[in-house]
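Source file: structure16.pdb; contents: PDB, C-alpha atoms and all ligand atoms.
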ATOM      1  CA  MET Q 987       0.000   0.000   0.000
ATOM      2  CA  SER Q 988       1.485   3.344  -0.988
ATOM      3  CA  LEU Q 989       1.961   6.026   1.603
ATOM      4  CA  PRO Q 990       0.310   9.379   0.894
ATOM      5  CA  ARG Q 991       2.961  11.955   0.028
ATOM      6  CA  HIS Q 992       2.047  14.276   2.896
ATOM      7  CA  ALA Q 993       2.234  11.405   5.374
ATOM      8  CA  ALA Q 994       5.910  10.895   4.585
ATOM      9  CA  ALA Q 995       6.534  14.600   5.100
ATOM     10  CA  VAL Q 996       4.623  14.714   8.372
ATOM     11  CA  ALA Q 997       6.373  11.699   9.842
ATOM     12  CA  THR Q 998       9.630  13.581  10.288
ATOM     13  CA  SER Q 999       9.795  13.206  14.028
ATOM     14  CA  ILE Q1000       8.524  10.868  16.679
ATOM     15  CA  SER Q1001       6.646  13.702  18.358
ATOM     16  CA  ALA Q1002       4.822  14.428  15.075
ATOM     17  CA  LEU Q1003       3.935  10.753  14.795
ATOM     18  CA  LEU Q1004       2.595  10.648  18.328
ATOM     19  CA  PHE Q1005       0.659  13.868  17.787
ATOM     20  CA  ASN Q1006      -0.943  12.417  14.649
ATOM     21  CA  ALA Q1007      -1.745   9.157  16.395
ATOM     22  CA  ALA Q1008      -3.526  11.133  19.112
ATOM     23  CA  LEU Q1009      -5.518  13.061  16.497
ATOM     24  CA  LYS Q1010      -6.455   9.867  14.641
ATOM     25  CA  ALA Q1011      -7.604   8.225  17.859
ATOM     26  CA  ALA Q1012      -9.749  11.211  18.843
ATOM     27  CA  GLU Q1013     -11.560  11.641  15.523
ATOM     28  CA  PRO Q1014     -13.986   9.142  13.997
ATOM     29  CA  VAL Q1015     -13.402   7.904  10.457
ATOM     30  CA  GLN Q1016     -15.172  10.279   8.093
ATOM     31  CA  ASP Q1017     -16.919   7.790   5.817
ATOM     32  CA  ALA Q1018     -20.303   8.251   4.106
ATOM     33  CA  GLY Q1019     -22.043   7.278   7.353
ATOM     34  CA  TRP Q1020     -20.138   9.994   9.209
ATOM     35  CA  TYR Q1021     -21.367  12.618   6.713
ATOM     36  CA  LYS Q1022     -24.972  11.353   6.976
ATOM     37  CA  LYS Q1023     -24.792  11.797  10.722
ATOM     38  CA  ASN Q1024     -22.699  14.973  11.029
ATOM     39  CA  ALA Q1025     -23.114  17.007   7.824
ATOM     40  CA  THR Q1026     -25.989  18.783   6.059
ATOM     41  CA  LEU Q1027     -27.265  17.243   2.825
ATOM     42  CA  ILE Q1028     -27.406  20.241   0.458
ATOM     43  CA  PHE Q1029     -28.171  18.452  -2.819
ATOM     44  CA  GLU Q1030     -29.144  15.043  -4.113
ATOM     45  CA  ASP Q1031     -30.071  13.621  -7.489
ATOM     46  CA  SER Q1032     -30.962  10.100  -8.558
ATOM     47  CA  PHE Q1033     -31.560  11.077 -12.222
ATOM     48  CA  ASP Q1034     -34.948   9.321 -12.391
ATOM     49  CA  ARG Q1035     -36.248  11.392 -15.330
ATOM     50  CA  GLU Q1036     -35.565  12.090 -18.995
ATOM     51  CA  GLU Q1037     -33.266  14.810 -20.267
ATOM     52  CA  THR Q1038     -34.652  17.628 -22.427
ATOM     53  CA  GLY Q1039     -32.417  17.645 -25.505
ATOM     54  CA  ASN Q1040     -28.670  18.254 -25.741
ATOM     55  CA  GLY Q1041     -28.284  21.794 -24.381
ATOM     56  CA  LEU Q1042     -26.641  23.540 -21.452
ATOM     57  CA  LYS Q1043     -29.463  22.741 -18.974
ATOM     58  CA  ALA Q1044     -30.835  19.553 -20.585
ATOM     59  CA  ILE Q1045     -30.003  17.295 -17.616
ATOM     60  CA  GLY Q1046     -32.314  19.371 -15.370
ATOM     61  CA  ASN Q1047     -32.378  19.759 -11.555
ATOM     62  CA  GLY Q1048     -29.820  22.585 -11.734
ATOM     63  CA  TRP Q1049     -27.087  20.761 -13.657
ATOM     64  CA  GLU Q1050     -25.262  22.613 -16.419
ATOM     65  CA  SER Q1051     -22.990  21.339 -19.142
ATOM     66  CA  ALA Q1052     -20.059  23.645 -19.844
ATOM     67  CA  THR Q1053     -19.427  21.897 -23.168
ATOM     68  CA  ALA Q1054     -22.909  21.051 -24.558
ATOM     69  CA  ASP Q1055     -23.128  24.144 -26.743
ATOM     70  CA  ARG Q1056     -19.866  23.271 -28.529
ATOM     71  CA  VAL Q1057     -21.594  20.300 -30.197
ATOM     72  CA  PRO Q1058     -25.378  20.958 -30.125
ATOM     73  CA  GLN Q1059     -25.974  18.139 -32.635
ATOM     74  CA  ILE Q1060     -24.477  15.479 -30.308
ATOM     75  CA  LYS Q1061     -26.126  14.071 -27.158
ATOM     76  CA  GLN Q1062     -23.319  13.817 -24.581
ATOM     77  CA  ALA Q1063     -25.502  13.439 -21.458
ATOM     78  CA  ASP Q1064     -28.261  10.828 -21.597
ATOM     79  CA  LEU Q1065     -30.634  10.091 -18.706
ATOM     80  CA  ASP Q1066     -31.416   6.419 -19.270
ATOM     81  CA  GLN Q1067     -32.893   3.910 -16.791
ATOM     82  CA  GLY Q1068     -32.436   6.451 -13.989
ATOM     83  CA  ILE Q1069     -28.706   6.837 -14.695
ATOM     84  CA  LEU Q1070     -26.681   9.773 -16.023
ATOM     85  CA  LYS Q1071     -24.791   8.225 -18.940
ATOM     86  CA  VAL Q1072     -22.149  10.516 -20.385
ATOM     87  CA  ALA Q1073     -20.450   9.950 -23.724
ATOM     88  CA  SER Q1074     -18.063  12.844 -24.238
ATOM     89  CA  ALA Q1075     -17.710  14.093 -27.836
ATOM     90  CA  THR Q1076     -14.137  15.000 -26.937
ATOM     91  CA  LYS Q1077     -12.844  15.031 -30.536
ATOM     92  CA  GLU Q1078     -15.806  16.860 -32.074
ATOM     93  CA  ALA Q1079     -16.015  19.449 -29.253
ATOM     94  CA  GLY Q1080     -12.245  19.866 -28.988
ATOM     95  CA  HIS Q1081     -12.715  19.420 -25.220
ATOM     96  CA  GLY Q1082     -13.791  16.712 -22.794
ATOM     97  CA  ALA Q1083     -17.389  17.020 -21.530
ATOM     98  CA  HIS Q1084     -17.735  19.012 -18.301
ATOM     99  CA  ILE Q1085     -20.916  18.948 -16.201
ATOM    100  CA  HIS Q1086     -21.367  20.879 -12.989
ATOM    101  CA  HIS Q1087     -23.828  21.698 -10.207
ATOM    102  CA  ASP Q1088     -23.815  24.292  -7.430
ATOM    103  CA  ALA Q1089     -22.197  22.950  -4.263
ATOM    104  CA  GLY Q1090     -21.117  25.679  -1.809
ATOM    105  CA  PHE Q1091     -19.079  24.473   1.119
ATOM    106  CA  GLN Q1092     -15.619  24.899   2.598
ATOM    107  CA  ASP Q1093     -15.460  21.443   4.171
ATOM    108  CA  GLY Q1094     -17.772  18.696   2.982
ATOM    109  CA  ALA Q1095     -18.053  15.767   0.634
ATOM    110  CA  VAL Q1096     -19.694  14.352  -2.451
ATOM    111  CA  SER Q1097     -20.947  10.804  -2.554
ATOM    112  CA  LEU Q1098     -22.127   9.046  -5.696
ATOM    113  CA  ARG Q1099     -22.249   5.750  -7.550
ATOM    114  CA  PHE Q1100     -20.166   5.433 -10.701
ATOM    115  CA  LYS Q1101     -19.458   2.900 -13.385
ATOM    116  CA  LEU Q1102     -16.797   2.928 -16.086
ATOM    117  CA  PRO Q1103     -18.794   0.698 -18.429
ATOM    118  CA  GLY Q1104     -15.939  -0.528 -20.618
ATOM    119  CA  LEU Q1105     -17.366   0.891 -23.847
ATOM    120  CA  ASN Q1106     -14.154   2.804 -24.662
ATOM    121  CA  PRO Q1107     -10.466   2.251 -23.919
ATOM    122  CA  ASP Q1108      -9.827   5.693 -22.380
ATOM    123  CA  GLU Q1109     -12.578   5.824 -19.744
ATOM    124  CA  ARG Q1110     -11.837   8.284 -16.928
ATOM    125  CA  LEU Q1111     -14.133  10.104 -14.514
ATOM    126  CA  GLN Q1112     -12.945  13.394 -13.051
ATOM    127  CA  VAL Q1113     -14.782  14.503  -9.891
ATOM    128  CA  GLY Q1114     -13.955  17.673  -8.037
ATOM    129  CA  PHE Q1115     -14.561  21.302  -7.289
ATOM    130  CA  VAL Q1116     -14.549  24.609  -9.139
ATOM    131  CA  ASP Q1117     -14.814  28.265  -8.154
ATOM    132  CA  ARG Q1118     -15.046  30.459 -11.231
ATOM    133  CA  GLU Q1119     -14.775  33.527  -8.970
ATOM    134  CA  CYS Q1120     -11.250  32.524  -7.920
ATOM    135  CA  LYS Q1121      -9.051  34.764 -10.052
ATOM    136  CA  THR Q1122      -5.662  33.161  -9.339
ATOM    137  CA  VAL Q1123      -6.555  29.996 -11.228
ATOM    138  CA  HIS Q1124      -7.498  29.007 -14.790
ATOM    139  CA  ALA Q1125     -11.279  28.449 -15.166
ATOM    140  CA  GLY Q1126     -11.710  28.101 -11.400
ATOM    141  CA  HIS Q1127     -10.223  24.571 -11.209
ATOM    142  CA  LEU Q1128      -9.600  23.833  -7.502
ATOM    143  CA  GLY Q1129      -8.994  20.120  -7.011
ATOM    144  CA  TYR Q1130     -10.028  16.738  -8.331
ATOM    145  CA  ALA Q1131      -9.995  12.983  -8.149
ATOM    146  CA  PHE Q1132      -9.274  11.351 -11.517
ATOM    147  CA  ILE Q1133     -10.627   7.794 -11.632
ATOM    148  CA  THR Q1134      -8.974   5.980 -14.533
ATOM    149  CA  ALA Q1135      -9.965   2.560 -15.885
ATOM    150  CA  LYS Q1136      -6.736   1.532 -17.633
ATOM    151  CA  PRO Q1137      -4.433   1.273 -15.874
ATOM    152  CA  GLY Q1138      -6.683   1.348 -12.817
ATOM    153  CA  SER Q1139      -5.819   4.316 -10.626
ATOM    154  CA  ILE Q1140      -7.245   7.217  -8.673
ATOM    155  CA  MET Q1141      -5.209  10.406  -8.690
ATOM    156  CA  LEU Q1142      -5.821  13.275  -6.277
ATOM    157  CA  LYS Q1143      -4.724  16.678  -7.514
ATOM    158  CA  ASP Q1144      -4.510  20.187  -6.101
ATOM    159  CA  SER Q1145      -5.131  22.180  -9.281
ATOM    160  CA  LYS Q1146      -5.512  25.549  -7.555
ATOM    161  CA  THR Q1147      -1.914  25.868  -6.379
ATOM    162  CA  GLY Q1148      -0.584  23.422  -9.012
ATOM    163  CA  SER Q1149      -1.088  23.049 -12.742
ATOM    164  CA  MET Q1150      -4.082  25.420 -13.005
ATOM    165  CA  SER Q1151      -2.484  28.264 -10.996
ATOM    166  CA  LEU Q1152      -2.061  31.231 -13.354
ATOM    167  CA  GLU Q1153       1.339  31.955 -11.821
ATOM    168  CA  VAL Q1154       2.462  28.357 -12.429
ATOM    169  CA  LYS Q1155       1.060  28.397 -15.974
ATOM    170  CA  ASN Q1156       2.822  31.698 -16.746
ATOM    171  CA  ARG Q1157       6.162  30.510 -15.322
ATOM    172  CA  SER Q1158       5.854  27.261 -17.313
ATOM    173  CA  GLU Q1159       5.090  29.159 -20.523
ATOM    174  CA  GLU Q1160       7.939  31.648 -19.974
ATOM    175  CA  GLY Q1161      10.343  28.763 -19.352
ATOM    176  CA  ARG Q1162       9.238  26.934 -22.481
ATOM    177  CA  LYS Q1163       9.744  30.098 -24.561
ATOM    178  CA  ALA Q1164      13.140  30.920 -23.036
ATOM    179  CA  THR Q1165      14.735  27.482 -22.704
ATOM    180  CA  GLY Q1166      12.312  25.018 -24.320
ATOM    181  CA  LYS Q1167      11.368  23.455 -20.994
ATOM    182  CA  VAL Q1168       9.398  24.002 -17.804
ATOM    183  CA  PRO Q1169      11.666  25.445 -15.040
ATOM    184  CA  ASP Q1170      13.019  22.844 -12.605
ATOM    185  CA  ASP Q1171      11.411  24.473  -9.560
ATOM    186  CA  ILE Q1172       7.984  24.341 -11.247
ATOM    187  CA  VAL Q1173       8.472  20.672 -12.174
ATOM    188  CA  ALA Q1174       9.391  19.971  -8.539
ATOM    189  CA  LEU Q1175       6.417  21.975  -7.263
ATOM    190  CA  LEU Q1176       3.935  20.137  -9.513
ATOM    191  CA  LYS Q1177       5.150  16.763  -8.223
ATOM    192  CA  THR Q1178       3.976  17.792  -4.739
ATOM    193  CA  LYS Q1179       0.491  18.734  -5.989
ATOM    194  CA  GLU Q1180      -0.769  15.304  -7.043
ATOM    195  CA  PHE Q1181      -0.607  11.708  -5.957
ATOM    196  CA  SER Q1182      -1.799   8.610  -7.786
ATOM    197  CA  PHE Q1183      -3.117   5.575  -5.929
ATOM    198  CA  SER Q1184      -3.500   2.185  -7.579
ATOM    199  CA  TRP Q1185      -7.079   0.960  -7.790
ATOM    200  CA  ALA Q1186      -8.293  -2.325  -9.256
ATOM    201  CA  SER Q1187     -10.760  -1.019 -11.821
ATOM    202  CA  ASP Q1188     -13.577  -3.024 -13.383
ATOM    203  CA  THR Q1189     -16.837  -2.322 -15.223
ATOM    204  CA  GLU Q1190     -19.118  -2.662 -12.164
ATOM    205  CA  TRP Q1191     -20.921   0.002 -10.112
ATOM    206  CA  HIS Q1192     -18.968   1.481  -7.200
ATOM    207  CA  ASP Q1193     -19.666   3.915  -4.348
ATOM    208  CA  LEU Q1194     -17.373   6.925  -4.282
ATOM    209  CA  LEU Q1195     -16.832   9.365  -1.430
ATOM    210  CA  LEU Q1196     -14.654  12.406  -2.121
ATOM    211  CA  ALA Q1197     -14.231  14.570   0.965
ATOM    212  CA  VAL Q1198     -12.566  17.877   1.737
ATOM    213  CA  ASP Q1199     -11.374  18.320   5.311
ATOM    214  CA  LYS Q1200      -9.440  21.601   5.629
ATOM    215  CA  ASP Q1201      -6.368  21.146   3.372
ATOM    216  CA  VAL Q1202      -6.865  17.402   2.880
ATOM    217  CA  LEU Q1203      -8.682  15.737  -0.033
ATOM    218  CA  ARG Q1204      -9.698  12.177   0.792
ATOM    219  CA  VAL Q1205     -11.125   9.463  -1.445
ATOM    220  CA  SER Q1206     -12.757   6.148  -0.677
ATOM    221  CA  VAL Q1207     -14.427   3.533  -2.880
ATOM    222  CA  ASP Q1208     -17.040   1.083  -1.620
ATOM    223  CA  GLY Q1209     -16.408   2.301   1.915
ATOM    224  CA  LYS Q1210     -12.673   1.554   1.805
ATOM    225  CA  SER Q1211     -10.094   4.340   1.970
ATOM    226  CA  ILE Q1212      -8.044   4.667  -1.224
ATOM    227  CA  GLY Q1213      -5.903   7.562  -0.003
ATOM    228  CA  GLU Q1214      -5.622  11.233   0.765
ATOM    229  CA  LEU Q1215      -3.506  14.225  -0.227
ATOM    230  CA  LYS Q1216      -2.718  17.244   1.920
ATOM    231  CA  SER Q1217      -2.199  20.439  -0.086
ATOM    232  CA  GLU Q1218      -2.999  24.094   0.566
ATOM    233  CA  GLY Q1219      -5.309  24.511  -2.462
ATOM    234  CA  PHE Q1220      -7.913  22.145  -0.992
ATOM    235  CA  ALA Q1221      -8.505  24.655   1.815
ATOM    236  CA  HIS Q1222     -10.000  27.145  -0.695
ATOM    237  CA  PRO Q1223     -12.913  28.787   1.164
ATOM    238  CA  VAL Q1224     -15.689  28.033  -1.346
ATOM    239  CA  LYS Q1225     -16.135  24.866  -3.381
ATOM    240  CA  ARG Q1226     -18.745  26.682  -5.449
ATOM    241  CA  TRP Q1227     -19.407  23.885  -7.976
ATOM    242  CA  LEU Q1228     -19.259  20.139  -7.985
ATOM    243  CA  SER Q1229     -17.716  19.362 -11.370
ATOM    244  CA  PHE Q1230     -17.490  16.195 -13.470
ATOM    245  CA  GLY Q1231     -15.095  15.799 -16.397
ATOM    246  CA  PHE Q1232     -15.057  13.027 -18.997
ATOM    247  CA  LEU Q1233     -12.729  11.783 -21.720
ATOM    248  CA  SER Q1234     -15.185   9.259 -23.172
ATOM    249  CA  THR Q1235     -17.834   7.230 -21.342
ATOM    250  CA  ALA Q1236     -18.757   7.132 -17.644
ATOM    251  CA  TRP Q1237     -22.042   6.525 -15.815
ATOM    252  CA  ILE Q1238     -23.166   8.250 -12.601
ATOM    253  CA  ASP Q1239     -26.087   7.875 -10.174
ATOM    254  CA  ASP Q1240     -27.188   8.895  -6.662
ATOM    255  CA  VAL Q1241     -25.151  12.096  -6.295
ATOM    256  CA  ARG Q1242     -25.240  13.692  -2.852
ATOM    257  CA  ILE Q1243     -23.409  16.804  -1.655
ATOM    258  CA  TRP Q1244     -22.715  17.133   2.070
ATOM    259  CA  LYS Q1245     -21.722  20.338   3.817
ATOM    260  CA  VAL Q1246     -19.836  20.347   7.133
ATOM    261  CA  ARG Q1247     -19.175  24.108   7.057
TER     262      ARG Q1247
HETATM  263 CA    CA J   1     -31.092   6.557 -10.412
END
Show me, as structure tokens, the structure contained in the file I just sent.
Amino acid sequence: MSLPRHAAAVATSISALLFNAALKAAEPVQDAGWYKKNATLIFEDSFDREETGNGLKAIGNGWESATADRVPQIKQADLDQGILKVASATKEAGHGAHIHHDAGFQDGAVSLRFKLPGLNPDERLQVGFVDRECKTVHAGHLGYAFITAKPGSIMLKDSKTGSMSLEVKNRSEEGRKATGKVPDDIVALLKTKEFSFSWASDTEWHDLLLAVDKDVLRVSVDGKSIGELKSEGFAHPVKRWLSFGFLSTAWIDDVRIWKVR
């Protein structure tokens, strides 16, 4: 089992270890049951309806597609048998499908069921948080879990202070222009902003819990912890949108958003 990157950094002294052990013992495990008991349910959707066409608001219940209007002739989001089935027209739209819903918490979680149905070789579901009012970052990208079918993995990423930071993007671009490569300090920084955990993927339904707890992003599947990443960007004060991104096909059901504060 791989050790989360931050855990290695924290475990620099015995006193830090003991301090962490005390914290772990005092706090209950924050699984889906913990959120049901301790957090406020601010949104839920089981997709038991039909969509209304292919447009921006066709999914209904407050969902919006950021990419529907690029390819109005193609249905990318299909409500079928009570499931949100997404088939991203990535090539035609020049962009992977992005679907989002208002969230609005600092600390909280999203729970859902997902399935990578095995219809395409590049299936990947991106689940995370966006704040378009955050001006230090490209398109408001804060942080995500990337669930990839082949090879099976789940990557946690702090986009806000990593690859989507305007400062990081500008430094990378300047470096490429000046020397043909991204500056070494930026390469080193970006390595600290993401961590990939192995996950045995299949084409079945799974329960996902993605939780933000201060500066920690935590992911579990089917009630079992996959891993967590500690990074300053996750502490952004407002996760304004829940956002899904797609490369090809992924299915989603039973989305719930929980707010702790
Ligand atoms: Ca359903």
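Proximity of Q:Leu1152, Q:Ala1075, Q:Val1168, Q:Ala1197 to Arg1056 (chain Q), computed with only C-alpha atoms, is greatest for Q:Ala1075.
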Would you tabulate, counting all atoms listed in the file, all residues of chain Q that have an atom at most 10 Å from an atom of ligand CA 1 (chain J), showing the closest pair of atoms and their distance in Å to one decimal, sorted by chain then ascending number, as CSV?
residue,atom,partner,partner_atom,distance
Q:Asp1031,CA,J:CA1,CA,7.7
Q:Ser1032,CA,J:CA1,CA,4.0
Q:Phe1033,CA,J:CA1,CA,4.9
Q:Asp1034,CA,J:CA1,CA,5.1
Q:Arg1035,CA,J:CA1,CA,8.6
Q:Leu1065,CA,J:CA1,CA,9.0
Q:Asp1066,CA,J:CA1,CA,8.9
Q:Gln1067,CA,J:CA1,CA,7.1
Q:Gly1068,CA,J:CA1,CA,3.8
Q:Ile1069,CA,J:CA1,CA,4.9
Q:Leu1070,CA,J:CA1,CA,7.8
Q:Arg1099,CA,J:CA1,CA,9.3
Q:Ile1238,CA,J:CA1,CA,8.4
Q:Asp1239,CA,J:CA1,CA,5.2
Q:Asp1240,CA,J:CA1,CA,5.9
Q:Val1241,CA,J:CA1,CA,9.1
Residues as selected, C-alpha atoms, written as a compact mmCIF listing (two decimals), in the coordinates of the input, can you do that?
# COMPACT_ATOMS: atom_id res chain seq x y z
CA ASP Q 1031 -30.07 13.62 -7.49
CA SER Q 1032 -30.96 10.10 -8.56
CA PHE Q 1033 -31.56 11.08 -12.22
CA ASP Q 1034 -34.95 9.32 -12.39
CA ARG Q 1035 -36.25 11.39 -15.33
CA LEU Q 1065 -30.63 10.09 -18.71
CA ASP Q 1066 -31.42 6.42 -19.27
CA GLN Q 1067 -32.89 3.91 -16.79
CA GLY Q 1068 -32.44 6.45 -13.99
CA ILE Q 1069 -28.71 6.84 -14.70
CA LEU Q 1070 -26.68 9.77 -16.02
CA ARG Q 1099 -22.25 5.75 -7.55
CA ILE Q 1238 -23.17 8.25 -12.60
CA ASP Q 1239 -26.09 7.88 -10.17
CA ASP Q 1240 -27.19 8.90 -6.66
CA VAL Q 1241 -25.15 12.10 -6.30
Residue with smallest distance to Lys1101 (chain Q) - pool Q:Val1207, Q:Arg1157, Q:Lys1146, Q:Gly1019, counting all atoms listed in the file: Q:Val1207
CA of Gly1231 (chain Q) to CA of Lys1167 (chain Q), distance in Å rounded to a single decimal: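 Separation of CA of Gly1231 (chain Q) and CA of Lys1167 (chain Q): 27.9 Å.
The coordinates place CA of Asp1188 (chain Q) at 21.8 Å from CA of Asp1064 (chain Q).
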Distance in Å - CA of Ile1172 (chain Q) versus CA of Ala1125 (chain Q): 20.1 Å
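Nearest-residue note for Asp1055 (chain Q): choosing from Q:Ala1089, Q:Val1224, Q:Leu1195, Q:Leu1042, the minimum distance belongs to Q:Leu1042, counting all atoms listed in the file.
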